[in-house]
Each structure stands twice: as structure tokens, then as C-alpha cells.
Amino acid sequence: MRRKIVAGNWKMNGSKDLVQQLVGVICDHAVGLDSGVEVVIVPPAPYITLVQQQADGKLALGIQNVSQWQSGAYTGEVSADMAKDLGCWYVLVGHSERRQLFGENDEVVARKVGQVLESGLTAMLCVGETLEQREAGEAERVVAGQIKRGLAGVSADQWSRVVVAYEPVWAIGTGKTATAEDAQAMHAEIRSVLESMKAPSEEISVLYGGSVKADNAAALFSEPDIDGGLIGGASLKADEFISICRAFPAGS
Ligand code: PGA
């Protein structure tokens, strides 16, 4: 089913103290809203259990990355099965920082998607073009390629555990956001790419990410093909994050 989701990607930020400060407040003010938003926290892996304890079942949990392998002699890696064992539900795959800083290409991304789906978790595939690609008029082609290659191995019964996050690279952590109209146009395009892959495109949640804040979330979330957000910097501030979770139009 197409869900409304707001996911907070803490990246490599936080501490035990931050977990104590943020999670309870978020649970009290952002969860159980009438608008039926699923609130997800994606902390650094070592804090997953602590977040879970603080959230007491009220929030969904995600992990920022998993290994492309199932288990074995891969020092430093964390498997999708382990994330599941810890109580995670979502896994970010192919975040632009992983692609740019850790050399993850679409082949690696596809293997990770495979591990996530095999383990029974939901893959949140992140896609997006660079500024150079957008200026060259290649944004749609780049994003379509990332989706087709990243999700090439998804079987018919696994689509219900796929979420796509469109995050233009030039908007991540920069304070620049795509306009709601531009984001909507890309989200509609993403749905048509999914359709061409025989995926149930109307059932798949497509989130927007890239400098989402309390003051731009409402415009983005009013667009028909934007089902929520993947939030970086603003997810570390309780008031910002709570406002974003509340930014869906009434009755949507
Ligand atoms: P940002 O990050 O909200 O800080 O731009 C978004 C993301 O990287 O998921």
C-alpha cells in the first residue's frame, strides 16, 4: 500500500544523549497523527537498540546501510539479516553519500536491494542527479537508469517492500530544495519508470529528500506524487522534524 512516510536519516551524527533528547519528544508529538504518517528514525547502527528502547514500539526503525553479502568474513560489515534481528524495518540503499564517497555503483546497489528484500525488510532506494547532470538536461535519464538497474532483481511479490527516495544530489545538505513543481515532475516520471518495469507504481511510496525543512515541507507534501520525505539535517532538531511530520495537507 502507498504509505505516507517521514524518515529521519541522522547520518553519522548523534550520541546516547541525543537519542534521549530526541526520541521521546518525537514519539509524543509526531506519532499517531490523524494524517496516518509513518515516522521512521534511521540512526547510526550502534544506536538502533537505544532508539528502539526509547521509542517503545511507536516509531519504525531503519538502518543507513547494509552489506551486499549475506554473512561471513567481511570485517566491518553489517548484514540485512542483522538489521532485521535488531528490529529494523527499513534500509536505505544507494544514498548519494554512499555512491559518491564509498564508490557504490548500481550493481552494488542492486545486490544490496537483493539482500534487503531477501531478509524480509523494506528497501528505501535513493536516487538523484547531480547539478551538472541537471544542467545538461540529463536528470530524468540518470534517475531512470538508477531505478532500472537498482531494482532490476525485484520480483513481483517484493514490490510491496520497495520505497523510492528522490534526492537531487545538489539539494542534499545545501539548503537548496527542488521546487515543489520540479520535484513533482520527477516523482511522476519515477512512477512511469516503475510502471514500465511492471511494478505496481501507484502503490509504491516515492519520497522527496534534499534540504526538506519545516517551511518547505507543506508545499512538497501537497503534490500528488510526493508521499513524504527523507530528512537529513532537520531530523536532528525535534521541533523541525515534528513540524515536517505534521506538514501533510489535512484529509490527505
Ligand atoms: P538533508 O539530507 O535533508 O540534510 O539535505 C537529506 C538526505 O541526505 O537524506
# chains A, B, ... in the order shown; residues from 1 in each chain; ligands from 1

call {"tool": "residues_near_ligand", "arguments": {"ligand": "ligand 1", "cutoff": "9 Å", "atoms": "only C-alpha atoms and all ligand atoms", "output": "JSON, numbers by chain"}}
result
{"A": [7, 8, 9, 10, 11, 95, 96, 97, 126, 165, 167, 169, 170, 171, 172, 173, 174, 175, 176, 177, 208, 209, 210, 211, 212, 213, 229, 230, 231, 232, 233, 234, 235]}

call {"tool": "select_by_dssp", "arguments": {"residues": "stretch 115-146 of chain A", "states": "alpha helix (DSSP H)", "output": "list in words"}}
result
Gln115, Val116, Leu117, Glu118, Leu131, Glu132, Gln133, Arg134, Glu135, Ala139, Glu140, Arg141, Val142, Val143, Ala144, Gly145 and Gln146 of chain A

call {"tool": "write_last_selection", "arguments": {"atoms": "N, CA and C atoms", "output": "PDB file, in the first residue's frame"}}
result
ATOM      1  N   GLN A 115      19.673  -8.246  -0.960  1.00  0.00           N
ATOM      2  CA  GLN A 115      19.850  -8.717   0.424  1.00  0.00           C
ATOM      3  C   GLN A 115      18.716  -8.227   1.322  1.00  0.00           C
ATOM      4  N   VAL A 116      18.355  -6.965   1.143  1.00  0.00           N
ATOM      5  CA  VAL A 116      17.303  -6.371   1.978  1.00  0.00           C
ATOM      6  C   VAL A 116      15.974  -7.111   1.759  1.00  0.00           C
ATOM      7  N   LEU A 117      15.640  -7.328   0.501  1.00  0.00           N
ATOM      8  CA  LEU A 117      14.346  -7.953   0.203  1.00  0.00           C
ATOM      9  C   LEU A 117      14.346  -9.419   0.618  1.00  0.00           C
ATOM     10  N   GLU A 118      15.474 -10.098   0.424  1.00  0.00           N
ATOM     11  CA  GLU A 118      15.601 -11.498   0.869  1.00  0.00           C
ATOM     12  C   GLU A 118      15.387 -11.616   2.372  1.00  0.00           C
ATOM     13  N   LEU A 131      24.105  18.309  -9.984  1.00  0.00           N
ATOM     14  CA  LEU A 131      23.771  19.598 -10.605  1.00  0.00           C
ATOM     15  C   LEU A 131      24.210  19.607 -12.068  1.00  0.00           C
ATOM     16  N   GLU A 132      25.392  19.065 -12.298  1.00  0.00           N
ATOM     17  CA  GLU A 132      25.921  19.001 -13.668  1.00  0.00           C
ATOM     18  C   GLU A 132      24.959  18.239 -14.585  1.00  0.00           C
ATOM     19  N   GLN A 133      24.479  17.113 -14.099  1.00  0.00           N
ATOM     20  CA  GLN A 133      23.554  16.292 -14.895  1.00  0.00           C
ATOM     21  C   GLN A 133      22.245  17.034 -15.129  1.00  0.00           C
ATOM     22  N   ARG A 134      21.770  17.736 -14.094  1.00  0.00           N
ATOM     23  CA  ARG A 134      20.511  18.500 -14.281  1.00  0.00           C
ATOM     24  C   ARG A 134      20.707  19.597 -15.319  1.00  0.00           C
ATOM     25  N   GLU A 135      21.821  20.309 -15.189  1.00  0.00           N
ATOM     26  CA  GLU A 135      22.053  21.425 -16.129  1.00  0.00           C
ATOM     27  C   GLU A 135      22.238  20.933 -17.559  1.00  0.00           C
ATOM     28  N   ALA A 139      18.712  14.854 -16.088  1.00  0.00           N
ATOM     29  CA  ALA A 139      18.210  14.394 -14.790  1.00  0.00           C
ATOM     30  C   ALA A 139      17.293  13.172 -14.917  1.00  0.00           C
ATOM     31  N   GLU A 140      16.339  13.225 -15.832  1.00  0.00           N
ATOM     32  CA  GLU A 140      15.369  12.114 -15.950  1.00  0.00           C
ATOM     33  C   GLU A 140      16.070  10.827 -16.365  1.00  0.00           C
ATOM     34  N   ARG A 141      16.991  10.953 -17.317  1.00  0.00           N
ATOM     35  CA  ARG A 141      17.684   9.759 -17.811  1.00  0.00           C
ATOM     36  C   ARG A 141      18.522   9.114 -16.687  1.00  0.00           C
ATOM     37  N   VAL A 142      19.215   9.959 -15.913  1.00  0.00           N
ATOM     38  CA  VAL A 142      20.056   9.454 -14.829  1.00  0.00           C
ATOM     39  C   VAL A 142      19.208   8.741 -13.776  1.00  0.00           C
ATOM     40  N   VAL A 143      18.131   9.384 -13.373  1.00  0.00           N
ATOM     41  CA  VAL A 143      17.281   8.818 -12.328  1.00  0.00           C
ATOM     42  C   VAL A 143      16.618   7.524 -12.825  1.00  0.00           C
ATOM     43  N   ALA A 144      16.158   7.540 -14.068  1.00  0.00           N
ATOM     44  CA  ALA A 144      15.527   6.329 -14.626  1.00  0.00           C
ATOM     45  C   ALA A 144      16.528   5.179 -14.634  1.00  0.00           C
ATOM     46  N   GLY A 145      17.776   5.454 -15.012  1.00  0.00           N
ATOM     47  CA  GLY A 145      18.809   4.409 -15.047  1.00  0.00           C
ATOM     48  C   GLY A 145      19.078   3.853 -13.659  1.00  0.00           C
ATOM     49  N   GLN A 146      19.154   4.736 -12.657  1.00  0.00           N
ATOM     50  CA  GLN A 146      19.411   4.272 -11.286  1.00  0.00           C
ATOM     51  C   GLN A 146      18.272   3.370 -10.804  1.00  0.00           C
TER      52      GLN A 146
END

call {"tool": "atom_distance", "arguments": {"atom1": "atom CA of A:Val23", "atom2": "atom CA of A:Ser205"}}
result
24.1 Å

call {"tool": "residues_around", "arguments": {"residues": "A:Phe241", "least_positions_apart": "2", "cutoff": "9 Å", "atoms": "only C-alpha atoms", "output": "list in words"}}
result
Val6, Gly8, Ile26, Ala30, Lys213, Ala214, Ile231, Ala234, Ser235, Leu236, Lys237, Ala238, Asp239, Ser243, Ile244, Cys245 and Arg246 of chain A

call {"tool": "select_by_dssp", "arguments": {"residues": "stretch 136-228 of chain A", "states": "strand (DSSP E)", "output": "PyMOL selection string"}}
result
chain A and resi 162-166+206-209+228

call {"tool": "atom_distance", "arguments": {"atom1": "atom CA of A:Ala185", "atom2": "atom CA of A:Ser155"}}
result
26.7 Å

call {"tool": "closest_residue", "arguments": {"among": "A:Gly32, A:Ala178, A:Leu125, A:Ala45", "to": "A:Ala83", "atoms": "only C-alpha atoms"}}
result
A:Ala45

call {"tool": "closest_residue", "arguments": {"among": "A:Arg99, A:Arg3, A:Lys148, A:Gly62", "to": "A:Ile226", "atoms": "only C-alpha atoms"}}
result
A:Arg3

call {"tool": "residues_around", "arguments": {"residues": "A:Ala110", "least_positions_apart": "3", "cutoff": "7 Å", "atoms": "only C-alpha atoms", "output": "list in words"}}
result
Asp106, Glu107, Val113, Gly114, Arg149, Gly150 and Leu151 of chain A

call {"tool": "atom_distance", "arguments": {"atom1": "atom CA of A:Val40", "atom2": "atom CA of A:Leu59"}}
result
5.8 Å
